[in-house]
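final-v8.pdb follows (PDB, C-alpha atoms and all ligand atoms):
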ATOM      1  CA  MET A 735     175.907 -89.065  96.450
ATOM      2  CA  GLN A 736     178.636 -87.541  98.547
ATOM      3  CA  SER A 737     180.214 -84.559  96.846
ATOM      4  CA  ARG A 738     183.897 -85.069  96.164
ATOM      5  CA  ASN A 739     186.545 -82.429  96.270
ATOM      6  CA  SER A 740     189.299 -82.032  93.744
ATOM      7  CA  TYR A 741     191.753 -84.491  95.346
ATOM      8  CA  ARG A 742     192.562 -87.311  92.929
ATOM      9  CA  GLY A 743     194.892 -90.088  93.972
ATOM     10  CA  ARG A 744     195.938 -93.245  92.213
ATOM     11  CA  LEU A 745     197.004 -96.827  92.724
ATOM     12  CA  ALA A 746     199.415 -97.795  89.956
ATOM     13  CA  PRO A 747     200.371-101.448  90.300
ATOM     14  CA  SER A 748     202.322-103.325  87.616
ATOM     15  CA  PRO A 749     201.106-106.845  86.820
ATOM     16  CA  THR A 750     204.582-108.360  86.826
ATOM     17  CA  GLY A 751     204.069-110.558  89.877
ATOM     18  CA  LEU A 752     201.852-110.970  92.903
ATOM     19  CA  LEU A 753     201.448-107.900  95.110
ATOM     20  CA  HIS A 754     203.216-108.255  98.447
ATOM     21  CA  LEU A 755     202.967-106.737 101.928
ATOM     22  CA  GLY A 756     204.889-103.643 100.832
ATOM     23  CA  HIS A 757     202.231-102.953  98.210
ATOM     24  CA  ALA A 758     199.515-103.559 100.788
ATOM     25  CA  ARG A 759     201.047-100.862 102.967
ATOM     26  CA  THR A 760     201.579 -98.290 100.209
ATOM     27  CA  PHE A 761     198.182 -98.821  98.604
ATOM     28  CA  TRP A 762     196.412 -98.763 101.962
ATOM     29  CA  ILE A 763     198.036 -95.371 102.688
ATOM     30  CA  ALA A 764     197.024 -94.136  99.226
ATOM     31  CA  ALA A 765     193.442 -95.245  99.831
ATOM     32  CA  LEU A 766     193.332 -93.620 103.293
ATOM     33  CA  ARG A 767     194.644 -90.331 101.952
ATOM     34  CA  ALA A 768     191.963 -90.260  99.265
ATOM     35  CA  ILE A 769     189.300 -90.964 101.914
ATOM     36  CA  GLU A 770     190.705 -88.319 104.276
ATOM     37  CA  HIS A 771     190.542 -85.755 101.490
ATOM     38  CA  GLN A 772     187.093 -86.941 100.414
ATOM     39  CA  GLY A 773     188.705 -87.326  97.039
ATOM     40  CA  THR A 774     188.618 -89.806  94.195
ATOM     41  CA  LEU A 775     190.907 -92.824  93.981
ATOM     42  CA  ILE A 776     191.695 -94.357  90.626
ATOM     43  CA  LEU A 777     193.436 -97.593  89.738
ATOM     44  CA  ARG A 778     195.734 -97.760  86.731
ATOM     45  CA  ASN A 779     197.046-101.035  85.391
ATOM     46  CA  GLU A 780     200.707-100.357  84.523
ATOM     47  CA  ASP A 781     201.159-103.208  82.076
ATOM     48  CA  LEU A 782     203.585-101.266  79.917
ATOM     49  CA  ASP A 783     206.194-103.922  79.408
ATOM     50  CA  PRO A 784     204.759-106.724  77.257
ATOM     51  CA  GLN A 785     207.606-109.057  78.207
ATOM     52  CA  ARG A 786     207.028-108.812  81.964
ATOM     53  CA  SER A 787     203.298-108.127  82.341
ATOM     54  CA  ARG A 788     200.784-110.959  82.550
ATOM     55  CA  PRO A 789     196.979-110.832  82.444
ATOM     56  CA  ASP A 790     196.708-113.316  85.324
ATOM     57  CA  PHE A 791     198.764-110.991  87.523
ATOM     58  CA  ALA A 792     196.553-108.057  86.468
ATOM     59  CA  LYS A 793     193.492-110.027  87.534
ATOM     60  CA  ALA A 794     195.167-111.072  90.797
ATOM     61  CA  MET A 795     196.198-107.536  91.752
ATOM     62  CA  LEU A 796     192.635-106.217  91.422
ATOM     63  CA  GLU A 797     191.270-109.156  93.412
ATOM     64  CA  ASP A 798     193.895-108.896  96.150
ATOM     65  CA  LEU A 799     193.441-105.149  96.632
ATOM     66  CA  HIS A 800     189.694-105.623  96.726
ATOM     67  CA  TRP A 801     190.048-108.413  99.267
ATOM     68  CA  LEU A 802     192.127-106.079 101.468
ATOM     69  CA  GLY A 803     189.199-103.678 101.453
ATOM     70  CA  ILE A 804     190.558-101.053  99.067
ATOM     71  CA  ARG A 805     187.991 -99.474  96.740
ATOM     72  CA  TRP A 806     188.564 -97.241  93.728
ATOM     73  CA  ALA A 807     186.092 -95.149  91.795
ATOM     74  CA  GLU A 808     187.753 -95.373  88.382
ATOM     75  CA  GLY A 809     189.763 -98.198  86.902
ATOM     76  CA  PRO A 810     190.022-100.910  84.256
ATOM     77  CA  ASP A 811     187.238-102.887  85.910
ATOM     78  CA  CYS A 812     184.795-100.014  86.433
ATOM     79  CA  GLY A 813     185.623 -97.388  83.805
ATOM     80  CA  GLY A 814     185.605 -93.634  84.384
ATOM     81  CA  ASP A 815     185.952 -90.342  82.567
ATOM     82  CA  TYR A 816     189.700 -90.552  81.934
ATOM     83  CA  GLY A 817     190.129 -94.065  80.588
ATOM     84  CA  PRO A 818     191.350 -96.364  79.366
ATOM     85  CA  TYR A 819     192.970 -97.205  82.710
ATOM     86  CA  THR A 820     195.297 -99.832  81.260
ATOM     87  CA  GLN A 821     198.614 -98.536  79.979
ATOM     88  CA  SER A 822     198.889-100.972  77.073
ATOM     89  CA  GLU A 823     195.762 -99.285  75.674
ATOM     90  CA  ARG A 824     197.157 -95.761  75.982
ATOM     91  CA  ARG A 825     199.902 -95.847  73.386
ATOM     92  CA  ALA A 826     198.543 -92.866  71.424
ATOM     93  CA  HIS A 827     198.997 -90.629  74.490
ATOM     94  CA  TYR A 828     202.626 -91.690  74.923
ATOM     95  CA  LEU A 829     203.409 -91.275  71.235
ATOM     96  CA  ASP A 830     202.008 -87.780  71.336
ATOM     97  CA  ALA A 831     204.342 -86.958  74.251
ATOM     98  CA  TRP A 832     207.288 -88.530  72.390
ATOM     99  CA  ARG A 833     206.537 -86.301  69.379
ATOM    100  CA  ARG A 834     206.354 -83.193  71.522
ATOM    101  CA  LEU A 835     209.618 -84.035  73.260
ATOM    102  CA  ARG A 836     211.326 -84.719  69.934
ATOM    103  CA  ASP A 837     210.000 -81.519  68.350
ATOM    104  CA  GLY A 838     211.062 -79.530  71.407
ATOM    105  CA  GLY A 839     214.611 -80.886  71.180
ATOM    106  CA  PHE A 840     214.431 -82.535  74.615
ATOM    107  CA  ILE A 841     215.290 -86.065  73.518
ATOM    108  CA  TYR A 842     217.818 -87.726  71.243
ATOM    109  CA  PRO A 843     218.145 -91.100  69.591
ATOM    110  CA  CYS A 844     220.695 -93.399  71.190
ATOM    111  CA  THR A 845     222.163 -96.425  69.498
ATOM    112  CA  CYS A 846     224.327 -97.603  72.366
ATOM    113  CA  SER A 847     223.600-101.187  73.199
ATOM    114  CA  ARG A 848     222.934-101.326  76.882
ATOM    115  CA  LYS A 849     221.698-103.953  79.238
ATOM    116  CA  ASP A 850     219.370-101.471  80.934
ATOM    117  CA  LEU A 851     216.971-101.682  77.987
ATOM    118  CA  ALA A 852     214.874-104.289  79.683
ATOM    119  CA  GLN A 853     214.509-102.111  82.764
ATOM    120  CA  ALA A 854     213.213 -98.967  81.159
ATOM    121  CA  ALA A 855     209.547 -99.907  81.056
ATOM    122  CA  SER A 856     209.400-100.859  84.677
ATOM    123  CA  ALA A 857     209.668 -98.394  87.514
ATOM    124  CA  PRO A 858     213.246 -98.298  88.756
ATOM    125  CA  ASN A 859     213.961 -98.659  92.462
ATOM    126  CA  ASP A 860     216.870 -98.334  94.874
ATOM    127  CA  SER A 861     218.671-101.453  93.817
ATOM    128  CA  ASP A 862     218.100-101.444  90.059
ATOM    129  CA  ASP A 863     217.893 -97.749  89.270
ATOM    130  CA  GLU A 864     218.714 -96.781  85.679
ATOM    131  CA  PRO A 865     222.486 -96.175  85.587
ATOM    132  CA  VAL A 866     223.779 -92.687  84.682
ATOM    133  CA  TYR A 867     224.193 -92.698  80.905
ATOM    134  CA  PRO A 868     227.775 -91.812  79.919
ATOM    135  CA  GLY A 869     226.571 -89.576  77.091
ATOM    136  CA  HIS A 870     227.981 -91.088  73.870
ATOM    137  CA  CYS A 871     224.953 -90.139  71.772
ATOM    138  CA  ARG A 872     223.838 -86.944  73.474
ATOM    139  CA  GLY A 873     225.423 -84.702  70.845
ATOM    140  CA  ARG A 874     223.383 -86.228  68.028
ATOM    141  CA  ASN A 875     221.166 -83.812  66.160
ATOM    142  CA  ASP A 876     219.281 -86.124  63.826
ATOM    143  CA  ALA A 877     216.199 -86.393  66.035
ATOM    144  CA  ALA A 878     213.967 -84.278  63.827
ATOM    145  CA  GLY A 879     214.575 -86.598  60.869
ATOM    146  CA  LEU A 880     213.411 -89.689  62.709
ATOM    147  CA  LEU A 881     209.700 -90.036  62.276
ATOM    148  CA  ALA A 882     209.122 -93.260  64.183
ATOM    149  CA  ALA A 883     209.796 -93.841  67.850
ATOM    150  CA  ALA A 884     210.813 -97.465  67.320
ATOM    151  CA  GLY A 885     214.242 -98.684  66.211
ATOM    152  CA  VAL A 886     216.488 -96.676  68.536
ATOM    153  CA  ASN A 887     216.439 -95.819  72.213
ATOM    154  CA  TRP A 888     215.324 -92.274  72.937
ATOM    155  CA  ARG A 889     216.859 -90.485  75.883
ATOM    156  CA  PHE A 890     215.992 -87.273  77.676
ATOM    157  CA  ARG A 891     218.933 -84.838  77.746
ATOM    158  CA  VAL A 892     219.096 -83.781  81.395
ATOM    159  CA  PRO A 893     220.450 -80.320  82.354
ATOM    160  CA  ASP A 894     223.722 -81.355  84.012
ATOM    161  CA  GLY A 895     224.221 -79.745  87.397
ATOM    162  CA  GLU A 896     220.667 -78.467  87.836
ATOM    163  CA  GLU A 897     219.294 -79.227  91.275
ATOM    164  CA  PHE A 898     215.763 -80.531  91.646
ATOM    165  CA  VAL A 899     214.206 -79.781  95.003
ATOM    166  CA  PHE A 900     210.771 -80.863  96.059
ATOM    167  CA  THR A 901     208.963 -81.210  99.333
ATOM    168  CA  ASP A 902     207.650 -84.688  99.852
ATOM    169  CA  LEU A 903     204.533 -84.623 102.027
ATOM    170  CA  ASN A 904     205.798 -87.581 104.037
ATOM    171  CA  LEU A 905     209.583 -87.444 103.864
ATOM    172  CA  GLY A 906     210.224 -83.702 103.652
ATOM    173  CA  GLU A 907     212.638 -81.861 101.383
ATOM    174  CA  GLN A 908     214.383 -83.910  98.708
ATOM    175  CA  ARG A 909     217.262 -82.779  96.487
ATOM    176  CA  TYR A 910     218.641 -84.447  93.394
ATOM    177  CA  VAL A 911     221.224 -83.150  90.947
ATOM    178  CA  ALA A 912     220.743 -83.914  87.261
ATOM    179  CA  GLY A 913     223.761 -85.559  85.683
ATOM    180  CA  HIS A 914     224.922 -86.764  89.093
ATOM    181  CA  ASP A 915     222.045 -88.583  90.792
ATOM    182  CA  PHE A 916     220.507 -89.548  87.481
ATOM    183  CA  GLY A 917     221.546 -89.161  83.873
ATOM    184  CA  ASP A 918     219.912 -89.044  80.443
ATOM    185  CA  PHE A 919     217.038 -91.440  81.048
ATOM    186  CA  LEU A 920     215.112 -93.540  78.605
ATOM    187  CA  ILE A 921     211.905 -92.249  77.083
ATOM    188  CA  TRP A 922     211.282 -94.924  74.487
ATOM    189  CA  ARG A 923     212.868 -98.325  73.957
ATOM    190  CA  ARG A 924     214.137 -99.469  70.597
ATOM    191  CA  ASP A 925     211.676-102.370  70.719
ATOM    192  CA  ASP A 926     208.926 -99.750  70.662
ATOM    193  CA  VAL A 927     207.967 -99.716  74.327
ATOM    194  CA  PRO A 928     207.527 -96.337  76.043
ATOM    195  CA  SER A 929     209.437 -95.937  79.303
ATOM    196  CA  TYR A 930     207.853 -95.961  82.736
ATOM    197  CA  GLN A 931     208.896 -92.304  83.253
ATOM    198  CA  VAL A 932     207.082 -90.936  80.237
ATOM    199  CA  ALA A 933     203.971 -93.092  80.672
ATOM    200  CA  VAL A 934     203.509 -92.172  84.301
ATOM    201  CA  VAL A 935     203.710 -88.384  83.838
ATOM    202  CA  VAL A 936     201.440 -88.490  80.793
ATOM    203  CA  ASP A 937     198.868 -90.626  82.612
ATOM    204  CA  ASP A 938     198.947 -88.756  85.908
ATOM    205  CA  ALA A 939     198.288 -85.517  84.025
ATOM    206  CA  ALA A 940     195.632 -86.999  81.714
ATOM    207  CA  MET A 941     193.864 -88.625  84.675
ATOM    208  CA  ARG A 942     193.994 -85.330  86.653
ATOM    209  CA  VAL A 943     195.945 -86.878  89.516
ATOM    210  CA  THR A 944     196.623 -84.250  92.192
ATOM    211  CA  GLU A 945     198.687 -86.393  94.595
ATOM    212  CA  VAL A 946     201.045 -89.257  93.843
ATOM    213  CA  VAL A 947     201.394 -91.752  96.705
ATOM    214  CA  ARG A 948     204.020 -94.449  96.102
ATOM    215  CA  GLY A 949     207.051 -96.170  97.570
ATOM    216  CA  ALA A 950     210.210 -94.283  98.540
ATOM    217  CA  ASP A 951     212.130 -96.377  95.990
ATOM    218  CA  LEU A 952     210.747 -93.977  93.375
ATOM    219  CA  LEU A 953     211.999 -90.720  94.949
ATOM    220  CA  LYS A 954     214.738 -90.300  92.368
ATOM    221  CA  SER A 955     212.253 -90.982  89.612
ATOM    222  CA  THR A 956     210.241 -88.045  90.894
ATOM    223  CA  ALA A 957     213.174 -85.772  90.023
ATOM    224  CA  ARG A 958     213.195 -87.183  86.472
ATOM    225  CA  GLN A 959     209.453 -86.768  86.260
ATOM    226  CA  LEU A 960     209.664 -83.112  87.330
ATOM    227  CA  LEU A 961     211.921 -82.543  84.331
ATOM    228  CA  LEU A 962     209.479 -84.270  82.028
ATOM    229  CA  LEU A 963     206.506 -82.369  83.423
ATOM    230  CA  ARG A 964     208.342 -79.118  82.751
ATOM    231  CA  ALA A 965     209.276 -80.121  79.202
ATOM    232  CA  LEU A 966     205.690 -81.127  78.451
ATOM    233  CA  SER A 967     204.163 -78.124  80.305
ATOM    234  CA  LEU A 968     202.095 -80.418  82.525
ATOM    235  CA  PRO A 969     200.907 -79.612  86.061
ATOM    236  CA  VAL A 970     203.023 -80.894  88.953
ATOM    237  CA  PRO A 971     201.128 -83.102  91.436
ATOM    238  CA  ALA A 972     201.929 -83.321  95.152
ATOM    239  CA  TYR A 973     204.109 -86.262  96.208
ATOM    240  CA  PHE A 974     203.830 -88.555  99.217
ATOM    241  CA  HIS A 975     206.433 -91.316  99.261
ATOM    242  CA  CYS A 976     205.944 -94.131 101.748
ATOM    243  CA  GLU A 977     208.788 -95.732 103.698
ATOM    244  CA  LEU A 978     209.623 -99.144 102.298
ATOM    245  CA  LEU A 979     208.760-102.290 104.132
ATOM    246  CA  ARG A 980     211.794-104.474 104.758
ATOM    247  CA  ASP A 981     212.232-108.074 105.752
ATOM    248  CA  ALA A 982     214.129-109.154 108.859
ATOM    249  CA  SER A 983     217.458-109.025 106.976
ATOM    250  CA  GLY A 984     216.813-105.424 105.937
ATOM    251  CA  ALA A 985     216.062-106.275 102.299
ATOM    252  CA  ARG A 986     213.342-104.365 100.524
ATOM    253  CA  LEU A 987     210.359-106.568  99.748
ATOM    254  CA  ALA A 988     210.162-107.558  96.106
ATOM    255  CA  LYS A 989     207.810-109.577  94.016
ATOM    256  CA  ARG A 990     210.130-112.529  94.459
ATOM    257  CA  HIS A 991     209.106-112.680  98.145
ATOM    258  CA  ASP A 992     206.304-114.971  97.108
ATOM    259  CA  ALA A 993     205.586-116.114 100.681
ATOM    260  CA  LEU A 994     204.888-112.487 101.615
ATOM    261  CA  SER A 995     202.442-111.937  98.773
ATOM    262  CA  ILE A 996     198.939-110.897  99.749
ATOM    263  CA  ARG A 997     197.664-113.920  97.853
ATOM    264  CA  ARG A 998     199.739-116.500  99.722
ATOM    265  CA  LEU A 999     198.944-114.950 103.110
ATOM    266  CA  ARG A1000     195.278-114.959 102.213
ATOM    267  CA  GLN A1001     195.486-118.597 101.137
ATOM    268  CA  SER A1002     197.177-119.442 104.419
ATOM    269  CA  GLY A1003     194.018-118.329 106.189
ATOM    270  CA  MET A1004     194.904-114.822 107.310
ATOM    271  CA  SER A1005     192.238-112.134 107.433
ATOM    272  CA  PRO A1006     192.642-108.794 105.637
ATOM    273  CA  GLU A1007     193.058-107.120 109.057
ATOM    274  CA  SER A1008     195.936-109.449 110.001
ATOM    275  CA  VAL A1009     197.637-108.906 106.650
ATOM    276  CA  LEU A1010     197.410-105.142 107.121
ATOM    277  CA  GLU A1011     198.682-105.415 110.693
ATOM    278  CA  LEU A1012     201.717-107.263 109.350
ATOM    279  CA  ALA A1013     202.180-104.722 106.563
ATOM    280  CA  PHE A1014     202.425-101.880 109.061
ATOM    281  CA  ARG A1015     205.082-103.477 111.242
ATOM    282  CA  PRO A1016     208.569-101.912 111.032
ATOM    283  CA  THR A1017     209.934-105.132 109.511
ATOM    284  CA  VAL A1018     208.281-108.364 108.508
ATOM    285  CA  PRO A1019     209.551-111.812 109.460
ATOM    286  CA  SER A1020     210.948-113.773 106.504
ATOM    287  CA  ASP A1021     209.143-116.885 107.620
ATOM    288  CA  VAL A1022     205.455-116.217 107.915
ATOM    289  CA  SER A1023     204.401-119.811 107.363
ATOM    290  CA  ASN A1024     202.845-120.008 110.816
ATOM    291  CA  LEU A1025     201.199-116.634 110.849
ATOM    292  CA  GLY A1026     198.076-117.807 109.078
ATOM    293  CA  ARG A1027     197.336-120.313 111.814
ATOM    294  CA  LEU A1028     198.284-117.923 114.583
ATOM    295  CA  GLN A1029     196.427-114.863 113.384
ATOM    296  CA  GLY A1030     193.970-115.892 110.717
TER
HETATM  297  N1  LIG B   1     203.872 -99.181  88.466
HETATM  298  C1  LIG B   1     204.945 -98.799  89.345
HETATM  299  C2  LIG B   1     205.342 -99.986  90.183
HETATM  300  O1  LIG B   1     204.588-100.933  90.310
HETATM  301  C3  LIG B   1     204.598 -97.661  90.260
HETATM  302  C4  LIG B   1     204.478 -96.413  89.519
HETATM  303  C5  LIG B   1     204.186 -95.178  90.313
HETATM  304  O2  LIG B   1     203.545 -95.269  91.375
HETATM  305  O3  LIG B   1     204.552 -94.129  89.847
HETATM  306  O4  LIG B   1     206.424 -99.987  90.727
END
Write out the structure in this file as structure tokens.
Ligand code: GLU
Amino acid sequence: MQSRNSYRGRLAPSPTGLLHLGHARTFWIAALRAIEHQGTLILRNEDLDPQRSRPDFAKAMLEDLHWLGIRWAEGPDCGGDYGPYTQSERRAHYLDAWRRLRDGGFIYPCTCSRKDLAQAASAPNDSDDEPVYPGHCRGRNDAAGLLAAAGVNWRFRVPDGEEFVFTDLNLGEQRYVAGHDFGDFLIWRRDDVPSYQVAVVVDDAAMRVTEVVRGADLLKSTARQLLLLRALSLPVPAYFHCELLRDASGARLAKRHDALSIRRLRQSGMSPESVLELAFRPTVPSDVSNLGRLQG
């Protein structure tokens, strides 16, 4: 068997809808980078939010990525040394991180009722990024007395004014100021769901990920994650954020673009090569109903 070097990359799809052309592009780049580095690619099922994740979407995302020609060496379907590879089965890891953050004084309980609750378990992006928290509860000092994560929202107290600078391997130097570009972000939801931010740093470290390849909509989340990595004394991976694929009107592709899902394009008769060709265009046409016939 070919010897593998220490590069470990990951595909981290969320089963909250069908994967679309934007995912095809990002995950193809992630797979190529792992191949170029003769590294190991893992797949992690990010089914953190029980209200939004569905098993049929989890099944579809594995099938669609496989159909595109992407292969991973570790994942929910094939196992591996750092499993389980499904976030809903990794609660003990997240609770351990919550405890360490609470004991270290990094987080505080927040009883503000906010609409952003529902968003915390999913990765934020440009258009629905977690709003800057105004800080009503940040002075609370009763964290140590709360022994369960559930029941309140837990927020990370960000160091206001501190600048976070990192060099993205694709997009170059990035700068974000805590308290300005992002505020005290959620770590745990009152309905007992860990946040995307905490789960992703815990898993990337536990799964020995050395490079994170994902969409540029998560650049600001990287700044939050650098804070978390520091608080938890975890190693910092390299970052490679991919430009987002946009439709003809300039809108970022989202799971609601059902017609641009890998599944629908496949059903329309397109080949994996044609789907990838479309995914690497600067913009994709909103109406691809004829593409299957033309290019399939
Ligand atoms: N699961 C996240 C998403 O589907 C991506 C997380 C990540 O790559 O860090 O948006």
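For Ala877 in chain A, the list of residues within 7 Å, based on all atoms listed in the file and with local chain neighbours fewer than 4 positions off taken out, reads Arg836, Tyr842 and Pro843 of chain A.
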>> Please enumerate the residues selected by the PyMOL selection byres (((chain A and resi 809) around 12) and not hetatm) when evaluated against the supplied file, formatted as number ranges by chain.
In response: A: 743-747, 774-780, 792, 796, 805-808, 810-821, 941
Could you work out an axis-aligned box for range 999-1011 of chain A, taking every atom the file lists and adding 6 Å on each side, and report centre and edge lengths in Å to one decimal, as lines of an AutoDock Vina configuration file?
center_x = 195.6
center_y = -112.3
center_z = 105.9
size_x = 18.7
size_y = 26.3
size_z = 21.6
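Look at Trp801 in chain A: the protein and nucleic acid residues within 12 Å of it, using all atoms listed in the file and passing over chain neighbours fewer than 6 places away, are Ala758, Trp762, Ala794, Met795, Ile996, Arg997, Leu999, Arg1000, Gln1001, Met1004, Ser1005, Pro1006, Glu1007, Val1009 and Leu1010 of chain A.
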>> Any residue with an atom at most 9 Å from ligand LIG 1 (chain B) counts, using all atoms listed in the file. Which are they? Put them as a ChimeraX atom specification.
In response: /A:744-750,757,778-782,856-859,930-931,934-935,938,946-949,951-952,955-956
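Computed from the coordinates, the CA of Val886 in chain A to CA of Leu962 in chain A distance equals 19.6 Å.
The space separating CA of Arg1015 in chain A from CA of Gln908 in chain A comes to 25.0 Å.
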> Could you write out as a VMD selection string the residues that the PyMOL selection byres (((chain A and resi 912) around 10) and not hetatm) matches in the shown file?
Replying inline: chain A and resid 866 891 to 898 909 to 911 913 to 918 957 to 958 961
>> To one decimal place in Å, what is the distance between CA of Thr901 in chain A and CA of Tyr741 in chain A?
In response: 18.0 Å
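This file gives the following result for the PyMOL selection byres (((chain A and resi 832) around 9) and not hetatm): A:His827, A:Tyr828, A:Leu829, A:Asp830, A:Ala831, A:Arg833, A:Arg834, A:Leu835, A:Arg836, A:Asp837, A:Ile841, A:Ala883, A:Trp888, A:Ile921, A:Trp922, A:Pro928, A:Val932.
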> Can you list, as a PyMOL selection string, every protein, DNA or RNA residue that comes within 6 Å of range 982-986 of chain A when you count all atoms listed in the file, leaving out same-chain residues fewer than 2 positions away?
Replying inline: chain A and resi 980+1017-1019
Resulting file, chosen residues, C-alpha atoms, as a CSV table (one decimal), in the coordinates of the input:
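What follows is the written file again24.csv:
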chain,number,residue,atom,x,y,z
A,980,ARG,CA,211.8,-104.5,104.8
A,1017,THR,CA,209.9,-105.1,109.5
A,1018,VAL,CA,208.3,-108.4,108.5
A,1019,PRO,CA,209.6,-111.8,109.5
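Comparing A:Val970, A:Ala939, A:Cys976, A:Ala884 by their smallest distance to Asp925 in chain A, the closest is A:Ala884 (using only C-alpha atoms).
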>> Calculated over all atoms listed in the file, which of the candidates A:Leu994, A:Leu987, A:Ala768, A:Ala940 has the smallest distance to Phe974 in chain A?
In response: A:Ala768
>> Measuring between all atoms listed in the file, which one of A:Glu907, A:Leu753, A:Arg742, A:Ala933 shows the shortest distance to Leu963 in chain A?
In response: A:Ala933
> Which is closer to Gly803 in chain A than all the others in A:Ala826, A:Leu920, A:Ala765, A:Ala972, using only C-alpha atoms?
Replying inline: A:Ala765
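Distance check against His771 in chain A using all atoms listed in the file: of A:Glu945, A:Arg923, A:Ser967, A:Asp937, the minimum falls on A:Glu945.
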> At a cut-off of 8 Å from (201.2, -88.7, 102.2) in the coordinates of the file, what residues are picked up using all atoms listed in the file, written as an MDAnalysis selection string?
Replying inline: chainID A and resid 763:764 767 902:904 947 973:976
>> With distances taken over only C-alpha atoms, which residue among A:Glu797, A:Thr944, A:His991, A:Phe890 lies nearest Ser740 in chain A?
In response: A:Thr944
